[in-house]
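Trainee: Below is the file data-v2.pdb, which contains PDB, C-alpha atoms.
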```pdb
MODEL        1
ATOM      1  CA  MET A   1      79.930  88.156  35.824  1.00  0.00           C
ATOM      2  CA  PRO A   2      79.566  91.935  36.237  1.00  0.00           C
ATOM      3  CA  ASP A   3      81.201  93.498  39.251  1.00  0.00           C
ATOM      4  CA  SER A   4      79.300  95.119  42.094  1.00  0.00           C
ATOM      5  CA  GLN A   5      78.574  98.254  40.066  1.00  0.00           C
ATOM      6  CA  GLY A   6      77.143  96.313  37.134  1.00  0.00           C
ATOM      7  CA  ILE A   7      80.144  97.052  34.946  1.00  0.00           C
ATOM      8  CA  ASN A   8      81.978  94.295  33.075  1.00  0.00           C
ATOM      9  CA  PHE A   9      85.457  95.679  33.604  1.00  0.00           C
ATOM     10  CA  ALA A  10      87.067  92.590  32.082  1.00  0.00           C
ATOM     11  CA  HIS A  11      85.545  93.545  28.734  1.00  0.00           C
ATOM     12  CA  ILE A  12      86.332  97.233  29.142  1.00  0.00           C
ATOM     13  CA  GLU A  13      89.962  96.428  29.964  1.00  0.00           C
ATOM     14  CA  TRP A  14      90.160  93.987  27.029  1.00  0.00           C
ATOM     15  CA  GLU A  15      88.965  96.638  24.604  1.00  0.00           C
ATOM     16  CA  HIS A  16      91.189  99.326  26.111  1.00  0.00           C
ATOM     17  CA  VAL A  17      94.402  97.298  25.988  1.00  0.00           C
ATOM     18  CA  ARG A  18      93.773  95.911  22.494  1.00  0.00           C
ATOM     19  CA  SER A  19      92.811  99.226  20.939  1.00  0.00           C
ATOM     20  CA  ARG A  20      95.299 101.517  22.648  1.00  0.00           C
ATOM     21  CA  ILE A  21      98.267  99.555  23.970  1.00  0.00           C
ATOM     22  CA  TYR A  22      98.853  95.979  22.808  1.00  0.00           C
ATOM     23  CA  ALA A  23      96.702  94.636  19.987  1.00  0.00           C
ATOM     24  CA  PRO A  24      97.452  90.907  20.558  1.00  0.00           C
ATOM     25  CA  PHE A  25      96.181  91.060  24.146  1.00  0.00           C
ATOM     26  CA  ASP A  26      93.550  88.556  25.166  1.00  0.00           C
ATOM     27  CA  TRP A  27      92.333  86.928  28.332  1.00  0.00           C
ATOM     28  CA  HIS A  28      93.238  83.260  28.638  1.00  0.00           C
ATOM     29  CA  PRO A  29      90.416  81.697  30.631  1.00  0.00           C
ATOM     30  CA  PHE A  30      90.990  78.645  32.793  1.00  0.00           C
ATOM     31  CA  ASP A  31      88.458  75.838  33.038  1.00  0.00           C
ATOM     32  CA  ARG A  32      89.213  74.915  36.624  1.00  0.00           C
ATOM     33  CA  LEU A  33      90.051  76.673  39.849  1.00  0.00           C
ATOM     34  CA  SER A  34      93.649  76.103  40.896  1.00  0.00           C
ATOM     35  CA  PRO A  35      94.339  73.808  43.872  1.00  0.00           C
ATOM     36  CA  TYR A  36      93.427  74.934  47.370  1.00  0.00           C
ATOM     37  CA  ASN A  37      96.136  74.163  49.897  1.00  0.00           C
ATOM     38  CA  PRO A  38      94.771  74.676  53.426  1.00  0.00           C
ATOM     39  CA  LEU A  39      96.566  76.686  56.069  1.00  0.00           C
ATOM     40  CA  ARG A  40      98.242  74.020  58.195  1.00  0.00           C
ATOM     41  CA  VAL A  41      98.942  76.094  61.308  1.00  0.00           C
ATOM     42  CA  PRO A  42      97.082  78.808  63.250  1.00  0.00           C
ATOM     43  CA  LEU A  43      97.946  82.358  62.217  1.00  0.00           C
ATOM     44  CA  PRO A  44      99.913  83.031  65.451  1.00  0.00           C
ATOM     45  CA  ASP A  45     102.226  80.197  64.382  1.00  0.00           C
ATOM     46  CA  ALA A  46     102.225  80.924  60.647  1.00  0.00           C
ATOM     47  CA  ARG A  47     105.047  82.290  58.528  1.00  0.00           C
ATOM     48  CA  VAL A  48     103.402  84.790  56.188  1.00  0.00           C
ATOM     49  CA  ALA A  49     104.682  86.110  52.859  1.00  0.00           C
ATOM     50  CA  PHE A  50     103.409  89.109  50.943  1.00  0.00           C
ATOM     51  CA  VAL A  51     103.359  89.403  47.164  1.00  0.00           C
ATOM     52  CA  THR A  52     102.391  92.675  45.535  1.00  0.00           C
ATOM     53  CA  THR A  53     101.802  93.895  42.000  1.00  0.00           C
ATOM     54  CA  ALA A  54     102.293  97.510  43.065  1.00  0.00           C
ATOM     55  CA  GLY A  55     105.597  97.822  41.218  1.00  0.00           C
ATOM     56  CA  ALA A  56     107.563  98.404  44.433  1.00  0.00           C
ATOM     57  CA  HIS A  57     111.338  98.215  44.436  1.00  0.00           C
ATOM     58  CA  LEU A  58     114.426  99.534  46.166  1.00  0.00           C
ATOM     59  CA  PRO A  59     116.193 102.617  44.790  1.00  0.00           C
ATOM     60  CA  ASP A  60     119.199 100.560  43.692  1.00  0.00           C
ATOM     61  CA  GLN A  61     117.048  98.080  41.773  1.00  0.00           C
ATOM     62  CA  ALA A  62     116.095  98.674  38.148  1.00  0.00           C
ATOM     63  CA  PRO A  63     112.636 100.201  37.854  1.00  0.00           C
ATOM     64  CA  PHE A  64     109.923  98.207  36.155  1.00  0.00           C
ATOM     65  CA  ASP A  65     109.533  98.978  32.476  1.00  0.00           C
ATOM     66  CA  THR A  66     106.463 101.192  32.445  1.00  0.00           C
ATOM     67  CA  LYS A  67     106.790 101.872  28.699  1.00  0.00           C
ATOM     68  CA  ALA A  68     106.664  98.274  27.471  1.00  0.00           C
ATOM     69  CA  LYS A  69     103.424  97.783  25.554  1.00  0.00           C
ATOM     70  CA  ALA A  70     103.418  94.064  26.337  1.00  0.00           C
ATOM     71  CA  GLY A  71     104.055  94.820  30.011  1.00  0.00           C
ATOM     72  CA  ASP A  72     106.915  93.818  32.274  1.00  0.00           C
ATOM     73  CA  PRO A  73     106.780  90.297  33.768  1.00  0.00           C
ATOM     74  CA  SER A  74     109.952  90.686  35.843  1.00  0.00           C
ATOM     75  CA  TRP A  75     109.973  90.855  39.637  1.00  0.00           C
ATOM     76  CA  ARG A  76     112.000  92.344  42.448  1.00  0.00           C
ATOM     77  CA  SER A  77     112.460  91.169  46.013  1.00  0.00           C
ATOM     78  CA  PHE A  78     113.413  93.169  49.059  1.00  0.00           C
ATOM     79  CA  PRO A  79     113.521  92.487  52.796  1.00  0.00           C
ATOM     80  CA  THR A  80     110.133  92.527  54.516  1.00  0.00           C
ATOM     81  CA  ALA A  81     111.755  94.722  57.165  1.00  0.00           C
ATOM     82  CA  THR A  82     112.379  97.493  54.611  1.00  0.00           C
ATOM     83  CA  PRO A  83     110.962 100.841  55.757  1.00  0.00           C
ATOM     84  CA  LEU A  84     108.214 101.904  53.375  1.00  0.00           C
ATOM     85  CA  ALA A  85     109.932 105.244  52.929  1.00  0.00           C
ATOM     86  CA  ASP A  86     112.843 103.427  51.286  1.00  0.00           C
ATOM     87  CA  LEU A  87     110.685 101.961  48.498  1.00  0.00           C
ATOM     88  CA  ILE A  88     109.891 103.348  45.060  1.00  0.00           C
ATOM     89  CA  LEU A  89     106.774 102.572  43.015  1.00  0.00           C
ATOM     90  CA  SER A  90     107.085 102.094  39.238  1.00  0.00           C
ATOM     91  CA  HIS A  91     103.832 101.138  37.555  1.00  0.00           C
ATOM     92  CA  SER A  92     102.049 102.082  34.363  1.00  0.00           C
ATOM     93  CA  GLY A  93      98.564 101.027  35.400  1.00  0.00           C
ATOM     94  CA  TYR A  94      97.683 103.189  38.411  1.00  0.00           C
ATOM     95  CA  ASP A  95      98.500 106.615  39.768  1.00  0.00           C
ATOM     96  CA  THR A  96     101.510 105.905  41.984  1.00  0.00           C
ATOM     97  CA  ARG A  97     101.485 109.463  43.355  1.00  0.00           C
ATOM     98  CA  ARG A  98      98.641 108.573  45.730  1.00  0.00           C
ATOM     99  CA  ALA A  99     100.329 105.424  47.011  1.00  0.00           C
ATOM    100  CA  ALA A 100     103.666 107.204  47.319  1.00  0.00           C
ATOM    101  CA  ALA A 101     102.071 109.388  49.985  1.00  0.00           C
ATOM    102  CA  ASP A 102     101.191 106.329  52.095  1.00  0.00           C
ATOM    103  CA  LYS A 103     102.502 103.053  50.729  1.00  0.00           C
ATOM    104  CA  ASN A 104     100.336 101.086  53.158  1.00  0.00           C
ATOM    105  CA  VAL A 105      97.482 101.680  50.700  1.00  0.00           C
ATOM    106  CA  VAL A 106      99.029  99.074  48.396  1.00  0.00           C
ATOM    107  CA  LEU A 107     101.719  97.441  50.524  1.00  0.00           C
ATOM    108  CA  PRO A 108     100.611  97.333  54.180  1.00  0.00           C
ATOM    109  CA  LEU A 109     103.953  96.316  55.631  1.00  0.00           C
ATOM    110  CA  ASP A 110     103.567  98.595  58.657  1.00  0.00           C
ATOM    111  CA  HIS A 111     100.362  96.784  59.587  1.00  0.00           C
ATOM    112  CA  LEU A 112     101.775  93.329  58.885  1.00  0.00           C
ATOM    113  CA  ARG A 113     104.787  94.058  61.067  1.00  0.00           C
ATOM    114  CA  ALA A 114     102.514  95.328  63.839  1.00  0.00           C
ATOM    115  CA  LEU A 115     100.437  92.139  63.700  1.00  0.00           C
ATOM    116  CA  GLN A 116     103.581  90.034  63.923  1.00  0.00           C
ATOM    117  CA  ALA A 117     104.928  92.100  66.807  1.00  0.00           C
ATOM    118  CA  ALA A 118     101.599  91.619  68.621  1.00  0.00           C
ATOM    119  CA  GLY A 119     101.824  87.870  68.209  1.00  0.00           C
ATOM    120  CA  GLN A 120      98.870  87.611  65.817  1.00  0.00           C
ATOM    121  CA  LEU A 121     101.173  86.255  63.123  1.00  0.00           C
ATOM    122  CA  GLY A 122     103.992  83.848  63.820  1.00  0.00           C
ATOM    123  CA  SER A 123     106.593  85.425  61.592  1.00  0.00           C
ATOM    124  CA  LEU A 124     107.010  87.218  58.298  1.00  0.00           C
ATOM    125  CA  ALA A 125     108.860  85.756  55.340  1.00  0.00           C
ATOM    126  CA  PRO A 126     112.290  87.312  54.835  1.00  0.00           C
ATOM    127  CA  ASP A 127     111.408  88.950  51.539  1.00  0.00           C
ATOM    128  CA  VAL A 128     108.527  90.648  49.756  1.00  0.00           C
ATOM    129  CA  TYR A 129     108.116  89.728  46.084  1.00  0.00           C
ATOM    130  CA  SER A 130     107.019  92.561  43.872  1.00  0.00           C
ATOM    131  CA  PHE A 131     105.684  92.623  40.327  1.00  0.00           C
ATOM    132  CA  MET A 132     104.203  95.328  38.136  1.00  0.00           C
ATOM    133  CA  GLY A 133     100.563  94.518  37.540  1.00  0.00           C
ATOM    134  CA  TYR A 134     100.473  95.299  33.840  1.00  0.00           C
ATOM    135  CA  VAL A 135     101.555  92.183  31.912  1.00  0.00           C
ATOM    136  CA  ALA A 136      99.683  91.856  28.618  1.00  0.00           C
ATOM    137  CA  ASP A 137     101.946  89.128  27.187  1.00  0.00           C
ATOM    138  CA  THR A 138     101.888  86.556  29.966  1.00  0.00           C
ATOM    139  CA  ASP A 139     104.061  83.756  28.537  1.00  0.00           C
ATOM    140  CA  ARG A 140     107.254  84.598  30.420  1.00  0.00           C
ATOM    141  CA  LEU A 141     105.296  85.351  33.592  1.00  0.00           C
ATOM    142  CA  VAL A 142     103.425  82.039  33.515  1.00  0.00           C
ATOM    143  CA  HIS A 143     106.248  79.783  32.385  1.00  0.00           C
ATOM    144  CA  HIS A 144     109.275  81.279  34.114  1.00  0.00           C
ATOM    145  CA  GLU A 145     108.876  84.161  36.543  1.00  0.00           C
ATOM    146  CA  ALA A 146     105.886  82.965  38.569  1.00  0.00           C
ATOM    147  CA  PRO A 147     107.211  79.396  39.022  1.00  0.00           C
ATOM    148  CA  THR A 148     110.606  80.813  40.025  1.00  0.00           C
ATOM    149  CA  VAL A 149     109.058  82.967  42.746  1.00  0.00           C
ATOM    150  CA  ALA A 150     106.878  80.045  43.821  1.00  0.00           C
ATOM    151  CA  GLN A 151     109.981  77.945  44.429  1.00  0.00           C
ATOM    152  CA  ARG A 152     111.593  80.767  46.388  1.00  0.00           C
ATOM    153  CA  LEU A 153     108.490  80.989  48.589  1.00  0.00           C
ATOM    154  CA  VAL A 154     108.627  77.233  49.120  1.00  0.00           C
ATOM    155  CA  ALA A 155     112.304  77.570  50.046  1.00  0.00           C
ATOM    156  CA  ASP A 156     111.343  80.341  52.484  1.00  0.00           C
ATOM    157  CA  HIS A 157     109.112  77.748  54.236  1.00  0.00           C
ATOM    158  CA  VAL A 158     106.111  80.059  54.211  1.00  0.00           C
ATOM    159  CA  ASP A 159     102.753  78.812  55.509  1.00  0.00           C
ATOM    160  CA  LEU A 160     100.648  81.483  53.816  1.00  0.00           C
ATOM    161  CA  VAL A 161     101.095  83.762  50.816  1.00  0.00           C
ATOM    162  CA  LEU A 162      99.015  86.947  50.723  1.00  0.00           C
ATOM    163  CA  LEU A 163      98.686  88.522  47.277  1.00  0.00           C
ATOM    164  CA  ALA A 164      97.471  92.052  46.715  1.00  0.00           C
ATOM    165  CA  PRO A 165      96.806  93.728  43.365  1.00  0.00           C
ATOM    166  CA  THR A 166      96.686  97.379  42.574  1.00  0.00           C
TER     167      THR A 166
ATOM    168  CA  MET B  26      97.685  88.594  40.159  1.00  0.00           C
ATOM    169  CA  GLY B  27      95.560  85.525  39.456  1.00  0.00           C
ATOM    170  CA  LEU B  28      98.238  83.974  37.245  1.00  0.00           C
ATOM    171  CA  LEU B  29     100.804  84.381  40.012  1.00  0.00           C
ATOM    172  CA  GLN B  30      98.435  82.854  42.515  1.00  0.00           C
ATOM    173  CA  ARG B  31      97.762  79.893  40.239  1.00  0.00           C
ATOM    174  CA  ALA B  32     101.521  79.209  40.046  1.00  0.00           C
ATOM    175  CA  PHE B  33     101.830  79.390  43.820  1.00  0.00           C
ATOM    176  CA  ASP B  34      98.803  77.113  44.272  1.00  0.00           C
ATOM    177  CA  GLU B  35     100.313  74.606  41.848  1.00  0.00           C
ATOM    178  CA  ALA B  36     103.525  74.660  43.916  1.00  0.00           C
ATOM    179  CA  GLY B  37     101.563  73.564  46.986  1.00  0.00           C
ATOM    180  CA  LEU B  38     101.470  76.911  48.757  1.00  0.00           C
ATOM    181  CA  CYS B  39      98.497  78.156  50.787  1.00  0.00           C
ATOM    182  CA  THR B  40      97.378  81.427  49.193  1.00  0.00           C
ATOM    183  CA  LEU B  41      94.776  84.140  49.568  1.00  0.00           C
ATOM    184  CA  SER B  42      94.485  87.106  47.235  1.00  0.00           C
ATOM    185  CA  ILE B  43      92.494  90.291  47.031  1.00  0.00           C
ATOM    186  CA  THR B  44      90.417  90.830  43.931  1.00  0.00           C
ATOM    187  CA  GLN B  45      89.104  94.260  42.990  1.00  0.00           C
ATOM    188  CA  VAL B  46      87.399  92.917  39.851  1.00  0.00           C
ATOM    189  CA  MET B  47      85.421  89.736  40.342  1.00  0.00           C
ATOM    190  CA  GLU B  48      84.888  89.014  36.660  1.00  0.00           C
ATOM    191  CA  ILE B  49      88.624  88.894  35.916  1.00  0.00           C
ATOM    192  CA  THR B  50      89.195  86.564  38.852  1.00  0.00           C
ATOM    193  CA  ALA B  51      86.328  84.413  37.562  1.00  0.00           C
ATOM    194  CA  VAL B  52      88.224  84.047  34.270  1.00  0.00           C
ATOM    195  CA  ILE B  53      91.629  83.211  35.782  1.00  0.00           C
ATOM    196  CA  LYS B  54      90.211  81.079  38.612  1.00  0.00           C
ATOM    197  CA  PRO B  55      92.848  81.168  41.355  1.00  0.00           C
ATOM    198  CA  SER B  56      92.019  79.128  44.445  1.00  0.00           C
ATOM    199  CA  ARG B  57      90.745  81.682  46.971  1.00  0.00           C
ATOM    200  CA  ALA B  58      90.157  85.420  46.635  1.00  0.00           C
ATOM    201  CA  LEU B  59      88.615  88.137  48.759  1.00  0.00           C
ATOM    202  CA  TYR B  60      86.670  90.818  46.922  1.00  0.00           C
ATOM    203  CA  VAL B  61      87.328  94.389  48.092  1.00  0.00           C
ATOM    204  CA  GLY B  62      85.554  97.195  46.216  1.00  0.00           C
ATOM    205  CA  HIS B  63      88.345  99.746  46.465  1.00  0.00           C
ATOM    206  CA  PRO B  64      89.857 101.838  43.656  1.00  0.00           C
ATOM    207  CA  PHE B  65      92.945 100.695  41.784  1.00  0.00           C
ATOM    208  CA  GLY B  66      95.998 101.989  43.574  1.00  0.00           C
ATOM    209  CA  LEU B  67      94.139 102.218  46.885  1.00  0.00           C
ATOM    210  CA  THR B  68      93.724  98.496  47.494  1.00  0.00           C
ATOM    211  CA  PHE B  69      93.789  98.676  51.288  1.00  0.00           C
ATOM    212  CA  GLY B  70      92.104 102.046  51.718  1.00  0.00           C
ATOM    213  CA  ALA B  71      92.675 105.749  51.550  1.00  0.00           C
ATOM    214  CA  ILE B  72      95.866 107.613  52.321  1.00  0.00           C
ATOM    215  CA  GLY B  73      96.254 107.865  56.080  1.00  0.00           C
ATOM    216  CA  ASP B  74      93.223 105.658  56.784  1.00  0.00           C
ATOM    217  CA  GLY B  75      95.032 103.106  58.893  1.00  0.00           C
ATOM    218  CA  ALA B  76      91.794 101.731  60.318  1.00  0.00           C
ATOM    219  CA  THR B  77      90.478 100.681  56.904  1.00  0.00           C
ATOM    220  CA  GLN B  78      93.893  99.436  55.819  1.00  0.00           C
ATOM    221  CA  ARG B  79      93.982  97.210  58.906  1.00  0.00           C
ATOM    222  CA  GLN B  80      90.374  96.136  58.295  1.00  0.00           C
ATOM    223  CA  VAL B  81      91.199  94.930  54.778  1.00  0.00           C
ATOM    224  CA  LEU B  82      94.350  93.155  55.929  1.00  0.00           C
ATOM    225  CA  GLY B  83      92.394  91.570  58.772  1.00  0.00           C
ATOM    226  CA  ALA B  84      89.718  90.397  56.342  1.00  0.00           C
ATOM    227  CA  MET B  85      92.439  88.809  54.214  1.00  0.00           C
ATOM    228  CA  LEU B  86      93.857  86.948  57.188  1.00  0.00           C
ATOM    229  CA  ASP B  87      90.404  85.867  58.354  1.00  0.00           C
ATOM    230  CA  ALA B  88      89.611  84.549  54.885  1.00  0.00           C
ATOM    231  CA  ALA B  89      92.957  82.766  54.746  1.00  0.00           C
ATOM    232  CA  ALA B  90      92.210  81.039  58.028  1.00  0.00           C
ATOM    233  CA  THR B  91      88.504  80.295  57.606  1.00  0.00           C
ATOM    234  CA  MET B  92      87.684  79.826  53.891  1.00  0.00           C
ATOM    235  CA  GLN B  93      87.542  76.055  53.575  1.00  0.00           C
ATOM    236  CA  HIS B  94      86.634  76.033  49.892  1.00  0.00           C
ATOM    237  CA  ARG B  95      87.801  77.594  46.652  1.00  0.00           C
ATOM    238  CA  GLY B  96      86.154  80.671  45.198  1.00  0.00           C
ATOM    239  CA  ILE B  97      85.577  84.348  45.909  1.00  0.00           C
ATOM    240  CA  ARG B  98      84.431  85.750  49.262  1.00  0.00           C
ATOM    241  CA  ASP B  99      82.828  89.196  49.267  1.00  0.00           C
ATOM    242  CA  SER B 100      84.359  91.243  52.086  1.00  0.00           C
ATOM    243  CA  GLY B 101      81.512  93.745  51.951  1.00  0.00           C
ATOM    244  CA  ILE B 102      84.112  96.510  51.974  1.00  0.00           C
ATOM    245  CA  GLU B 103      83.267  99.173  49.395  1.00  0.00           C
ATOM    246  CA  TRP B 104      84.670 102.589  48.517  1.00  0.00           C
ATOM    247  CA  GLU B 105      82.275 105.345  49.526  1.00  0.00           C
ATOM    248  CA  ARG B 106      84.508 108.427  49.656  1.00  0.00           C
ATOM    249  CA  ASP B 107      84.087 109.588  46.058  1.00  0.00           C
ATOM    250  CA  ASP B 108      83.514 108.354  42.494  1.00  0.00           C
ATOM    251  CA  LEU B 109      87.136 107.405  41.797  1.00  0.00           C
ATOM    252  CA  ARG B 110      86.405 103.676  41.540  1.00  0.00           C
ATOM    253  CA  SER B 111      83.412 104.239  39.281  1.00  0.00           C
ATOM    254  CA  ARG B 112      85.492 106.422  36.995  1.00  0.00           C
ATOM    255  CA  GLN B 113      88.333 103.894  36.957  1.00  0.00           C
ATOM    256  CA  LEU B 114      85.938 101.083  36.001  1.00  0.00           C
ATOM    257  CA  ARG B 115      84.824 103.182  33.017  1.00  0.00           C
ATOM    258  CA  LYS B 116      88.415 104.115  32.120  1.00  0.00           C
ATOM    259  CA  GLN B 117      87.637 107.729  32.965  1.00  0.00           C
ATOM    260  CA  GLY B 118      90.205 108.063  35.728  1.00  0.00           C
ATOM    261  CA  ARG B 119      93.413 106.551  37.070  1.00  0.00           C
TER     262      ARG B 119
ENDMDL
END
```
Spit out the file's structure as structure tokens when you get a sec.
Mentor:
Amino acid sequence: MPDSQGINFAHIEWEHVRSRIYAPFDWHPFDRLSPYNPLRVPLPDARVAFVTTAGAHLPDQAPFDTKAKAGDPSWRSFPTATPLADLILSHSGYDTRRAAADKNVVLPLDHLRALQAAGQLGSLAPDVYSFMGYVADTDRLVHHEAPTVAQRLVADHVDLVLLAPT
Amino acid sequence: MGLLQRAFDEAGLCTLSITQVMEITAVIKPSRALYVGHPFGLTFGAIGDGATQRQVLGAMLDAAATMQHRGIRDSGIEWERDDLRSRQLRKQGR
């Protein structure tokens, strides 16, 4: 399936990562779509969580490992109320200088908080969960980190999880 | 992103993601995704363009509330400011 510009970026990325960064890299296709769990409450009553792969973290948290050829599957969490100015972006896969000038371009917390304040969202989950989007060896991500964050989101009693890549 | 979403879906959570590359999402097959044709690192729009950032976030929330089936919805939102996305897709720019 080419994207809207007729470019098969999946193949371009596959070649790029294998030839220049991490030779064992491969896509691991799934046969079936994962389960769809409907939104059970209207948005004005919903508790909404945000998960980002922008590599955002607090200054006192360890930065993501931007040098690891296999990527960094670890995650950070920080309060959803954190001012964007207090966050740092560590990511090997995109130019963080642009996003550092206006973090809403990857992590629109100002807009989410405004929607909640206006009553268009019921509440926001206590924490944002943040990953770095480059993970070429996905074993630890799939088998440990992602299920761990999933259980934390369940424990946060969220109704909806929004996920945004970079 | 799709692998995370799959884990959350398997845990019973209601999820909605943005995809900037449909063909990768078609490989990983998370439950529901919204396609936005923005450059990497500018997922919600340009620096200082609060209107577009809010438009993308609003499209996410609308999809979360109204998509009653699995798959990818095309938001129709595309990057028209410059050729950054085209260059990124060819690995000619970050």
Trainee: For stretch 139-156 of chain A, list every protein, DNA or RNA residue within 7 Å, evaluated using only C-alpha atoms, and leave out those in the same chain fewer than 2 positions away; present the list as a ChimeraX atom specification.
Mentor: /A:73-74,125,137,158 /B:28-29,32-33,36
Trainee: Once you count only C-alpha atoms, what closest atom pair and distance in Å to one decimal does each residue of chain B within 7 Å of chain A have, with rows by chain and rising residue number, as JSON lines?
Mentor:
```
{"residue": "B:Met26", "atom": "CA", "partner": "A:Pro165", "partner_atom": "CA", "distance": 6.1}
{"residue": "B:Leu28", "atom": "CA", "partner": "A:Val142", "partner_atom": "CA", "distance": 6.7}
{"residue": "B:Leu29", "atom": "CA", "partner": "A:Ala146", "partner_atom": "CA", "distance": 5.5}
{"residue": "B:Arg31", "atom": "CA", "partner": "A:Ser34", "partner_atom": "CA", "distance": 5.6}
{"residue": "B:Ala32", "atom": "CA", "partner": "A:Pro147", "partner_atom": "CA", "distance": 5.8}
{"residue": "B:Phe33", "atom": "CA", "partner": "A:Ala150", "partner_atom": "CA", "distance": 5.1}
{"residue": "B:Asp34", "atom": "CA", "partner": "A:Pro35", "partner_atom": "CA", "distance": 5.6}
{"residue": "B:Glu35", "atom": "CA", "partner": "A:Pro35", "partner_atom": "CA", "distance": 6.4}
{"residue": "B:Ala36", "atom": "CA", "partner": "A:Ala150", "partner_atom": "CA", "distance": 6.3}
{"residue": "B:Gly37", "atom": "CA", "partner": "A:Asn37", "partner_atom": "CA", "distance": 6.2}
{"residue": "B:Leu38", "atom": "CA", "partner": "A:Asn37", "partner_atom": "CA", "distance": 6.1}
{"residue": "B:Cys39", "atom": "CA", "partner": "A:Asn37", "partner_atom": "CA", "distance": 4.7}
{"residue": "B:Thr40", "atom": "CA", "partner": "A:Val161", "partner_atom": "CA", "distance": 4.7}
{"residue": "B:Leu41", "atom": "CA", "partner": "A:Leu162", "partner_atom": "CA", "distance": 5.2}
{"residue": "B:Ser42", "atom": "CA", "partner": "A:Leu163", "partner_atom": "CA", "distance": 4.4}
{"residue": "B:Ile43", "atom": "CA", "partner": "A:Ala164", "partner_atom": "CA", "distance": 5.3}
{"residue": "B:Val46", "atom": "CA", "partner": "A:Asp3", "partner_atom": "CA", "distance": 6.3}
{"residue": "B:Met47", "atom": "CA", "partner": "A:Asp3", "partner_atom": "CA", "distance": 5.8}
{"residue": "B:Glu48", "atom": "CA", "partner": "A:Met1", "partner_atom": "CA", "distance": 5.1}
{"residue": "B:Ile49", "atom": "CA", "partner": "A:Ala10", "partner_atom": "CA", "distance": 5.5}
{"residue": "B:Val52", "atom": "CA", "partner": "A:Pro29", "partner_atom": "CA", "distance": 4.9}
{"residue": "B:Ile53", "atom": "CA", "partner": "A:Phe30", "partner_atom": "CA", "distance": 5.5}
{"residue": "B:Lys54", "atom": "CA", "partner": "A:Leu33", "partner_atom": "CA", "distance": 4.6}
{"residue": "B:Pro55", "atom": "CA", "partner": "A:Ser34", "partner_atom": "CA", "distance": 5.1}
{"residue": "B:Ser56", "atom": "CA", "partner": "A:Ser34", "partner_atom": "CA", "distance": 4.9}
{"residue": "B:Phe65", "atom": "CA", "partner": "A:Thr166", "partner_atom": "CA", "distance": 5.1}
{"residue": "B:Gly66", "atom": "CA", "partner": "A:Thr166", "partner_atom": "CA", "distance": 4.8}
{"residue": "B:Leu67", "atom": "CA", "partner": "A:Val105", "partner_atom": "CA", "distance": 5.1}
{"residue": "B:Thr68", "atom": "CA", "partner": "A:Val106", "partner_atom": "CA", "distance": 5.4}
{"residue": "B:Phe69", "atom": "CA", "partner": "A:Val105", "partner_atom": "CA", "distance": 4.8}
{"residue": "B:Gly70", "atom": "CA", "partner": "A:Val105", "partner_atom": "CA", "distance": 5.5}
{"residue": "B:Ala71", "atom": "CA", "partner": "A:Val105", "partner_atom": "CA", "distance": 6.4}
{"residue": "B:Ile72", "atom": "CA", "partner": "A:Asp102", "partner_atom": "CA", "distance": 5.5}
{"residue": "B:Gly73", "atom": "CA", "partner": "A:Asp102", "partner_atom": "CA", "distance": 6.5}
{"residue": "B:Gln78", "atom": "CA", "partner": "A:Val105", "partner_atom": "CA", "distance": 6.6}
{"residue": "B:Arg79", "atom": "CA", "partner": "A:His111", "partner_atom": "CA", "distance": 6.4}
{"residue": "B:Ala90", "atom": "CA", "partner": "A:Leu39", "partner_atom": "CA", "distance": 6.5}
{"residue": "B:Arg95", "atom": "CA", "partner": "A:Tyr36", "partner_atom": "CA", "distance": 6.3}
{"residue": "B:Leu114", "atom": "CA", "partner": "A:Phe9", "partner_atom": "CA", "distance": 5.9}
{"residue": "B:Arg119", "atom": "CA", "partner": "A:Tyr94", "partner_atom": "CA", "distance": 5.6}
```
Trainee: Would you compute the distance between atom CA of B:Asp107 and atom CA of B:Gly83? Give it in Å to one decimal.
Mentor: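 Going from atom CA of B:Asp107 over to atom CA of B:Gly83 covers 23.6 Å.
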Trainee: What is the atom CA of B:Pro64 to atom CA of B:Asp99 distance in Å?
Mentor: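 Going from atom CA of B:Pro64 over to atom CA of B:Asp99 covers 15.5 Å.
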Trainee: Which polymer residues have any atom within 9 Å of an atom of A:Gln120, counting all atoms listed in the file, with same-chain residues fewer than 2 positions away left out, as a PyMOL selection string?
Mentor: chain A and resi 43-45+114-118+122
Trainee: One number please: atom CA of A:Asp65 to atom CA of A:Phe78, in Å, one decimal.
Mentor: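 Atom-to-atom, atom CA of A:Asp65 and atom CA of A:Phe78 are spaced 18.0 Å apart.
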Trainee: So, counting all atoms listed in the file, which residue among B:Trp104, B:Gln45, B:Gly118, B:Leu59 is closest to B:Leu86?
Mentor: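 Counting all atoms listed in the file, the residue closest to B:Leu86 is B:Leu59.
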Trainee: Produce the centre coordinates and the three edge lengths, each in Å to one decimal, of the box along x, y and z that contains all listed atoms of stretch 32-40 of chain B with 3 Å added on each side, as JSON.
Mentor:
```
{"center_x": 100.5, "center_y": 77.5, "center_z": 45.4, "size_x": 12.1, "size_y": 13.9, "size_z": 16.7}
```
Trainee: Expand the PyMOL selection byres ((chain A and resi 21-26) around 6) into the individual residues it matches in the shown file, reporting them as a ChimeraX atom specification.
Mentor: /A:17-18,20,27,69,136
Trainee: Carefully work through the PyMOL selection byres ((chain A and resi 89) around 6) for this structure and note down the residues it includes, as an MDAnalysis selection string.
Mentor: chainID A and resid 55:56 88 90
